[in-house]
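J.: PDB, C-alpha atoms and all ligand atoms, file upload-v6.pdb:
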ATOM      1  CA  MET C 219      66.498  85.077  10.218
ATOM      2  CA  LYS C 220      67.180  81.419  10.719
ATOM      3  CA  LEU C 221      64.378  79.874  12.659
ATOM      4  CA  THR C 222      65.886  77.868  15.460
ATOM      5  CA  LEU C 223      64.399  76.553  18.634
ATOM      6  CA  LYS C 224      66.114  79.388  20.417
ATOM      7  CA  THR C 225      64.402  82.103  18.328
ATOM      8  CA  LEU C 226      61.065  80.465  19.030
ATOM      9  CA  PHE C 227      61.642  80.567  22.758
ATOM     10  CA  VAL C 228      62.701  84.183  22.628
ATOM     11  CA  THR C 229      60.048  85.574  20.273
ATOM     12  CA  GLY C 230      57.156  83.377  21.449
ATOM     13  CA  PRO C 231      56.603  85.104  24.805
ATOM     14  CA  LEU C 232      57.155  88.522  23.220
ATOM     15  CA  LEU C 233      54.381  87.865  20.723
ATOM     16  CA  ALA C 234      52.083  86.723  23.516
ATOM     17  CA  VAL C 235      52.729  89.931  25.452
ATOM     18  CA  ALA C 236      52.003  92.018  22.337
ATOM     19  CA  ALA C 237      48.690  90.207  21.796
ATOM     20  CA  ILE C 238      47.598  90.875  25.379
ATOM     21  CA  ALA C 239      48.499  94.552  25.043
ATOM     22  CA  PHE C 240      46.167  94.935  22.061
ATOM     23  CA  ALA C 241      43.197  92.935  23.278
ATOM     24  CA  ALA C 242      42.275  93.414  26.899
ATOM     25  CA  PRO C 243      40.817  90.378  28.646
ATOM     26  CA  ALA C 244      37.029  90.272  28.965
ATOM     27  CA  ALA C 245      37.185  90.722  32.757
ATOM     28  CA  GLU C 246      39.096  93.965  32.341
ATOM     29  CA  ASN C 247      36.789  95.241  29.606
ATOM     30  CA  TRP C 248      33.747  94.358  31.688
ATOM     31  CA  GLU C 249      35.146  96.290  34.632
ATOM     32  CA  ASN C 250      36.029  99.316  32.487
ATOM     33  CA  HIS C 251      33.016  99.504  30.194
ATOM     34  CA  CYS C 252      30.099  97.503  31.562
ATOM     35  CA  ALA C 253      30.233  97.170  35.371
ATOM     36  CA  LYS C 254      28.963 100.722  35.923
ATOM     37  CA  CYS C 255      25.525  99.598  34.755
ATOM     38  CA  HIS C 256      25.573  95.798  34.794
ATOM     39  CA  GLY C 257      27.549  95.477  38.040
ATOM     40  CA  ALA C 258      30.858  93.698  38.589
ATOM     41  CA  ASP C 259      28.804  90.622  39.512
ATOM     42  CA  GLY C 260      26.477  90.917  36.492
ATOM     43  CA  LYS C 261      23.375  91.406  38.635
ATOM     44  CA  GLY C 262      22.668  94.902  37.367
ATOM     45  CA  GLN C 263      22.092  96.145  40.908
ATOM     46  CA  THR C 264      24.041  99.370  40.451
ATOM     47  CA  LYS C 265      22.517 102.814  40.788
ATOM     48  CA  VAL C 266      22.256 103.157  37.013
ATOM     49  CA  GLY C 267      21.365  99.494  36.591
ATOM     50  CA  LYS C 268      18.331  99.768  38.867
ATOM     51  CA  LYS C 269      17.170 102.898  37.109
ATOM     52  CA  LEU C 270      17.455 101.267  33.692
ATOM     53  CA  ASN C 271      15.878  98.042  34.890
ATOM     54  CA  ILE C 272      18.841  95.922  33.860
ATOM     55  CA  LYS C 273      18.436  92.178  33.907
ATOM     56  CA  ASP C 274      20.182  89.903  36.381
ATOM     57  CA  TYR C 275      22.721  87.773  34.505
ATOM     58  CA  THR C 276      23.072  85.383  37.440
ATOM     59  CA  ASP C 277      19.473  84.340  36.739
ATOM     60  CA  ALA C 278      19.344  81.138  34.666
ATOM     61  CA  LYS C 279      16.037  82.214  33.097
ATOM     62  CA  VAL C 280      17.542  85.489  31.885
ATOM     63  CA  GLN C 281      20.522  83.610  30.486
ATOM     64  CA  ALA C 282      18.293  81.102  28.706
ATOM     65  CA  ALA C 283      16.287  83.873  27.064
ATOM     66  CA  MET C 284      19.408  85.520  25.681
ATOM     67  CA  LYS C 285      21.159  84.115  22.640
ATOM     68  CA  ASP C 286      24.917  84.406  22.059
ATOM     69  CA  GLU C 287      24.221  86.443  18.906
ATOM     70  CA  GLU C 288      22.105  88.849  20.934
ATOM     71  CA  ILE C 289      24.946  89.457  23.367
ATOM     72  CA  ILE C 290      27.250  90.255  20.457
ATOM     73  CA  LYS C 291      24.663  92.380  18.644
ATOM     74  CA  ALA C 292      23.684  94.402  21.739
ATOM     75  CA  THR C 293      27.309  95.132  22.573
ATOM     76  CA  THR C 294      28.323  95.910  19.000
ATOM     77  CA  GLU C 295      25.365  98.080  18.022
ATOM     78  CA  GLY C 296      23.987  99.167  21.378
ATOM     79  CA  ILE C 297      20.345  99.138  22.466
ATOM     80  CA  SER C 298      17.752 101.782  21.784
ATOM     81  CA  GLU C 299      14.139 101.883  22.790
ATOM     82  CA  LYS C 300      11.723 104.287  21.146
ATOM     83  CA  GLY C 301      14.633 106.207  19.670
ATOM     84  CA  LYS C 302      16.260 106.667  23.058
ATOM     85  CA  GLU C 303      19.650 105.086  23.660
ATOM     86  CA  LYS C 304      19.662 102.694  26.630
ATOM     87  CA  MET C 305      23.097 101.268  26.031
ATOM     88  CA  LYS C 306      25.646 102.630  23.637
ATOM     89  CA  ALA C 307      27.379 100.755  20.826
ATOM     90  CA  TYR C 308      30.878  99.516  21.552
ATOM     91  CA  LYS C 309      32.019  98.749  18.027
ATOM     92  CA  ASP C 310      34.306 101.787  17.920
ATOM     93  CA  GLU C 311      35.959 101.087  21.273
ATOM     94  CA  LEU C 312      36.294  97.328  21.321
ATOM     95  CA  SER C 313      37.346  94.858  18.671
ATOM     96  CA  ALA C 314      35.004  92.185  17.356
ATOM     97  CA  ALA C 315      37.121  89.591  19.192
ATOM     98  CA  GLU C 316      36.845  91.477  22.470
ATOM     99  CA  ILE C 317      33.076  91.754  22.063
ATOM    100  CA  LYS C 318      32.823  88.047  21.287
ATOM    101  CA  ASP C 319      34.747  87.286  24.507
ATOM    102  CA  PHE C 320      31.915  88.833  26.526
ATOM    103  CA  VAL C 321      29.676  85.905  25.600
ATOM    104  CA  ALA C 322      31.673  83.418  27.687
ATOM    105  CA  TYR C 323      32.226  86.043  30.365
ATOM    106  CA  ILE C 324      28.529  86.860  30.709
ATOM    107  CA  ARG C 325      27.606  83.155  30.686
ATOM    108  CA  LYS C 326      29.846  82.616  33.720
ATOM    109  CA  PHE C 327      27.732  84.948  35.869
ATOM    110  CA  LYS C 328      25.124  82.205  35.972
ATOM    111  CA  GLY C 329      27.563  80.347  38.249
TER     112      GLY C 329
HETATM  113  C1  LIG C 401      24.738 102.964  30.463
HETATM  114  C2  LIG C 401      24.564 101.674  31.080
HETATM  115  C3  LIG C 401      25.105 100.455  30.336
HETATM  116  C4  LIG C 401      26.399 100.124  30.079
HETATM  117  C5  LIG C 401      27.653 100.935  30.392
HETATM  118  C6  LIG C 401      26.365  98.827  29.424
HETATM  119  N1  LIG C 401      25.087  98.390  29.303
HETATM  120 FE1  LIG C 401      24.484  96.613  28.538
HETATM  121  N2  LIG C 401      22.536  97.120  28.812
HETATM  122  C7  LIG C 401      22.107  98.303  29.369
HETATM  123  C8  LIG C 401      20.648  98.352  29.330
HETATM  124  C9  LIG C 401      19.779  99.479  29.857
HETATM  125  C10 LIG C 401      20.234  97.154  28.725
HETATM  126  C11 LIG C 401      18.776  96.740  28.417
HETATM  127  C12 LIG C 401      18.107  96.147  29.607
HETATM  128  C13 LIG C 401      18.476  94.719  29.795
HETATM  129  O1  LIG C 401      18.374  93.952  28.824
HETATM  130  O2  LIG C 401      18.887  94.334  30.892
HETATM  131  C14 LIG C 401      21.442  96.406  28.423
HETATM  132  C15 LIG C 401      21.452  95.153  27.852
HETATM  133  C16 LIG C 401      22.577  94.410  27.605
HETATM  134  C17 LIG C 401      22.562  93.062  27.077
HETATM  135  C18 LIG C 401      21.313  92.238  26.797
HETATM  136  C19 LIG C 401      20.948  92.112  25.358
HETATM  137  C20 LIG C 401      19.745  91.217  25.166
HETATM  138  O3  LIG C 401      19.457  90.897  24.006
HETATM  139  O4  LIG C 401      19.088  90.827  26.140
HETATM  140  C21 LIG C 401      23.859  92.665  26.987
HETATM  141  C22 LIG C 401      24.368  91.336  26.488
HETATM  142  C23 LIG C 401      24.680  93.768  27.424
HETATM  143  N3  LIG C 401      23.863  94.807  27.805
HETATM  144  C24 LIG C 401      26.048  93.757  27.463
HETATM  145  C25 LIG C 401      26.843  94.845  27.823
HETATM  146  C26 LIG C 401      28.275  94.852  27.732
HETATM  147  C27 LIG C 401      29.121  93.694  27.264
HETATM  148  C28 LIG C 401      28.681  96.100  28.141
HETATM  149  C29 LIG C 401      30.091  96.644  28.178
HETATM  150  C30 LIG C 401      30.876  96.596  26.968
HETATM  151  C31 LIG C 401      27.490  96.847  28.506
HETATM  152  N4  LIG C 401      26.400  96.051  28.295
HETATM  153  C32 LIG C 401      27.493  98.146  28.985
HETATM  154  C33 LIG C 401      22.891  99.307  29.893
HETATM  155  C34 LIG C 401      24.273  99.356  29.837
END
Can you dump the structure from the file as structure tokens?
T.:
Amino acid sequence: MKLTLKTLFVTGPLLAVAAIAFAAPAAENWENHCAKCHGADGKGQTKVGKKLNIKDYTDAKVQAAMKDEEIIKATTEGISEKGKEKMKAYKDELSAAEIKDFVAYIRKFKG
């Protein structure tokens, strides 16, 4: 195929649409996978969140105590305490890129 300006204009948006279809935006993933426990607002004040004593991600102190790598590690591998699973691993459901996107998303809860 000869690469002309016209082909770029036609295929460019198509490629962008394909990329979005494969990787859901962090907001959507948060809503679908995380909000049940962590809350849509990141405060963790859901029924499950209160029971599990989930931290408030709008709290600057909580944010400061949490490293970017820890956000990625917790989401990729999950969290267990004394052999009991508190949060499951998401590595089979979400791509590494999608998990990485949560870092910026979670940081924004601080406001
Ligand atoms: C079944 C409830 C549940 C769901 C669903 C859940 N989490 Fe968690 N999450 C927890 C619990 C419990 C903790 C541990 C308590 C805490 O640190 O607040 C935790 C901790 C975390 C931490 C803190 C790690 C650290 O080192 O402090 C991050 C980041 C996190 N979750 C991200 C996510 C993301 C992203 C999703 C969605 C893909 C998600 N969680 C889904 C229950 C859940």
J.: Report as a ChimeraX atom specification all protein, DNA and RNA residues lying within 8 Å of C:Gly267, evaluated on all atoms listed in the file, omitting residues in the same chain fewer than 5 positions from it.
T.: /C:254-257,262,272
J.: Can you tell me which residues sit at most 6 Å away from ligand LIG 401 (chain C), counting all atoms listed in the file, written as a ChimeraX atom specification?
T.: /C:248,251-252,254-255,270,272-273,284,288-289,292-293,304-305,320
J.: Could you tell me which of C:Lys328, C:Ala282, C:Asp319, C:Thr276 comes closest to C:Ala244 if we count all atoms listed in the file?
T.: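 Of all the options, C:Asp319 lies closest to C:Ala244.
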J.: Smallest atom-to-atom distance to C:Lys326: which of C:Ala307, C:Leu312, C:Ala245, C:Ile290, using all atoms listed in the file?
T.: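 Using all atoms listed in the file, the shortest distance to C:Lys326 belongs to C:Ala245.
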J.: Have a look at atom CA of C:Ile317 and atom CA of C:Gly301 and let me know their distance in Å, one decimal.
T.: 23.6 Å
J.: Report, in Å to a single decimal, how far apart atom CA of C:Ala242 and atom CA of C:Tyr323 are.
T.: 12.9 Å
